[in-house]
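Asker: Here you go, one structure.
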Amino acid sequence: MIIKYQCVNISSKDPKALVEFYHLQLGIPVIEPDEHYDGVSLGFLKEAPVIVIWDENKWGKSSEGKVNFVFSCDNLDRTYAELSGKGVQLEPPVTAVWGGKELPLLDLDGNKILLLEG
């Protein structure tokens, strides 16, 4: 029987750059580092699901398609300004069809990231 949601695995041809993007630019903490950038866990709580980044050159692709992450932030306009200041390529927040504000962007490998306020 399934008892826990563990993680999302994503692979990258440049895992070091992808880890640095999520950690340094987006501010997601590294929970389990790896000096070879192969199997690095990022997340907010050690006992909660994490993102694990693997070296695609060593292990192959971890999935057949791109991943779509959704994160929450406290203020989309401020987050937009902070990320823009760090050189992240993104457009300003937009009002979605469902009425809330969203801030869509892509990581270095083309995975979709959606930031929501709240």
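By order in the structure tokens, chains are A, B, ...; within a chain, residues start at 1; ligands start at 1, following the order shown.
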Could you build a table of the residues in range 36-92 of chain A lying no more than 10 Å from range 110-115 of chain A, giving for each the nearest pair of atoms and their separation in Å rounded to one decimal place, using only C-alpha atoms, ordered by chain and ascending residue number, as CSV?
Answerer:
```
residue,atom,partner,partner_atom,distance
A:Gly65,CA,A:Asn111,CA,8.8
A:Lys66,CA,A:Asn111,CA,5.1
A:Val67,CA,A:Asn111,CA,5.1
A:Asn68,CA,A:Lys112,CA,4.6
A:Phe69,CA,A:Ile113,CA,4.7
A:Val70,CA,A:Leu114,CA,4.7
A:Phe71,CA,A:Leu115,CA,5.0
A:Ser72,CA,A:Leu115,CA,5.5
A:Cys73,CA,A:Leu115,CA,6.6
A:Asp74,CA,A:Leu115,CA,9.9
A:Asn75,CA,A:Leu115,CA,9.8
A:Leu76,CA,A:Leu115,CA,7.5
A:Thr79,CA,A:Leu115,CA,9.0
A:Tyr80,CA,A:Leu115,CA,9.5
```
Asker: When you look at Ile10 in chain A with a cut-off of 12 Å (counting only C-alpha atoms), what residues show up, excluding the ones that are within fewer than 3 positions of it in the same chain? I need them as a VMD selection string.
Answerer: chain A and resid 7 13 to 15 18 to 19 38 to 42 50 to 56 59 to 69 107 109 to 111
Asker: As an exercise, work out the distance from CA of Gln25 in chain A to CA of Pro104 in chain A in Å and give it to one decimal place.
Answerer: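 Atom-to-atom, CA of Gln25 in chain A to CA of Pro104 in chain A, that is 14.8 Å.
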Asker: With only C-alpha atoms as the atoms that count, which of A:Leu26, A:Pro49, A:Gly99, A:Pro33 lies nearest to Lys86 in chain A?
Answerer: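 Result for the nearest residue to Lys86 in chain A: A:Leu26.
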Asker: Nearest to Tyr37 in chain A among A:Lys16, A:Asn57, A:Val94, A:Leu24, with distances taken over only C-alpha atoms: which residue is it?
Answerer: A:Lys16
Asker: Could you pull out the strand (DSSP E or B) residues of chain A from DSSP and send them as a count of residues only?
Answerer: 39
Asker: Just list the residues in chain A DSSP gives helix (DSSP H, G or I) on the backbone, as a list in words.
Answerer: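 Here are the helix (DSSP H, G or I) residues of chain A: Pro15, Lys16, Ala17, Leu18, Val19, Glu20, Phe21, Tyr22, His23, Leu24, Gln25, Glu56, Asn57, Lys58, Trp59, Leu76, Asp77, Arg78, Thr79, Tyr80, Ala81, Glu82, Leu83, Ser84 and Gly85 of chain A.
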Asker: Go ahead and save the picked residues with C-alpha atoms, as an mmCIF file, in the first residue's frame.
Answerer:
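The result, stored in part-v7.cif:
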```cif
data_model
loop_
_atom_site.group_PDB
_atom_site.id
_atom_site.type_symbol
_atom_site.label_atom_id
_atom_site.label_comp_id
_atom_site.auth_asym_id
_atom_site.auth_seq_id
_atom_site.Cartn_x
_atom_site.Cartn_y
_atom_site.Cartn_z
ATOM 1 C CA PRO A 15 22.670 19.255 -12.995
ATOM 2 C CA LYS A 16 24.987 21.733 -11.246
ATOM 3 C CA ALA A 17 23.485 24.669 -13.167
ATOM 4 C CA LEU A 18 19.942 23.409 -12.522
ATOM 5 C CA VAL A 19 20.576 22.973 -8.774
ATOM 6 C CA GLU A 20 22.057 26.472 -8.639
ATOM 7 C CA PHE A 21 19.025 27.871 -10.499
ATOM 8 C CA TYR A 22 16.560 26.373 -8.007
ATOM 9 C CA HIS A 23 18.712 27.133 -4.964
ATOM 10 C CA LEU A 24 20.455 30.430 -5.700
ATOM 11 C CA GLN A 25 17.950 32.115 -7.988
ATOM 12 C CA GLU A 56 21.135 12.838 -17.071
ATOM 13 C CA ASN A 57 24.550 12.141 -18.620
ATOM 14 C CA LYS A 58 25.079 9.368 -16.069
ATOM 15 C CA TRP A 59 21.560 7.975 -15.484
ATOM 16 C CA LEU A 76 4.106 37.943 -6.547
ATOM 17 C CA ASP A 77 5.118 41.492 -7.439
ATOM 18 C CA ARG A 78 7.984 41.485 -4.929
ATOM 19 C CA THR A 79 9.015 37.969 -5.998
ATOM 20 C CA TYR A 80 9.006 39.085 -9.640
ATOM 21 C CA ALA A 81 11.297 42.014 -8.771
ATOM 22 C CA GLU A 82 13.642 39.781 -6.730
ATOM 23 C CA LEU A 83 13.889 37.125 -9.447
ATOM 24 C CA SER A 84 14.370 39.712 -12.192
ATOM 25 C CA GLY A 85 17.169 41.230 -10.109
#
```
Asker: Interatomic distance between CA of Trp98 in chain A and CA of Gly118 in chain A?
Answerer: 14.7 Å
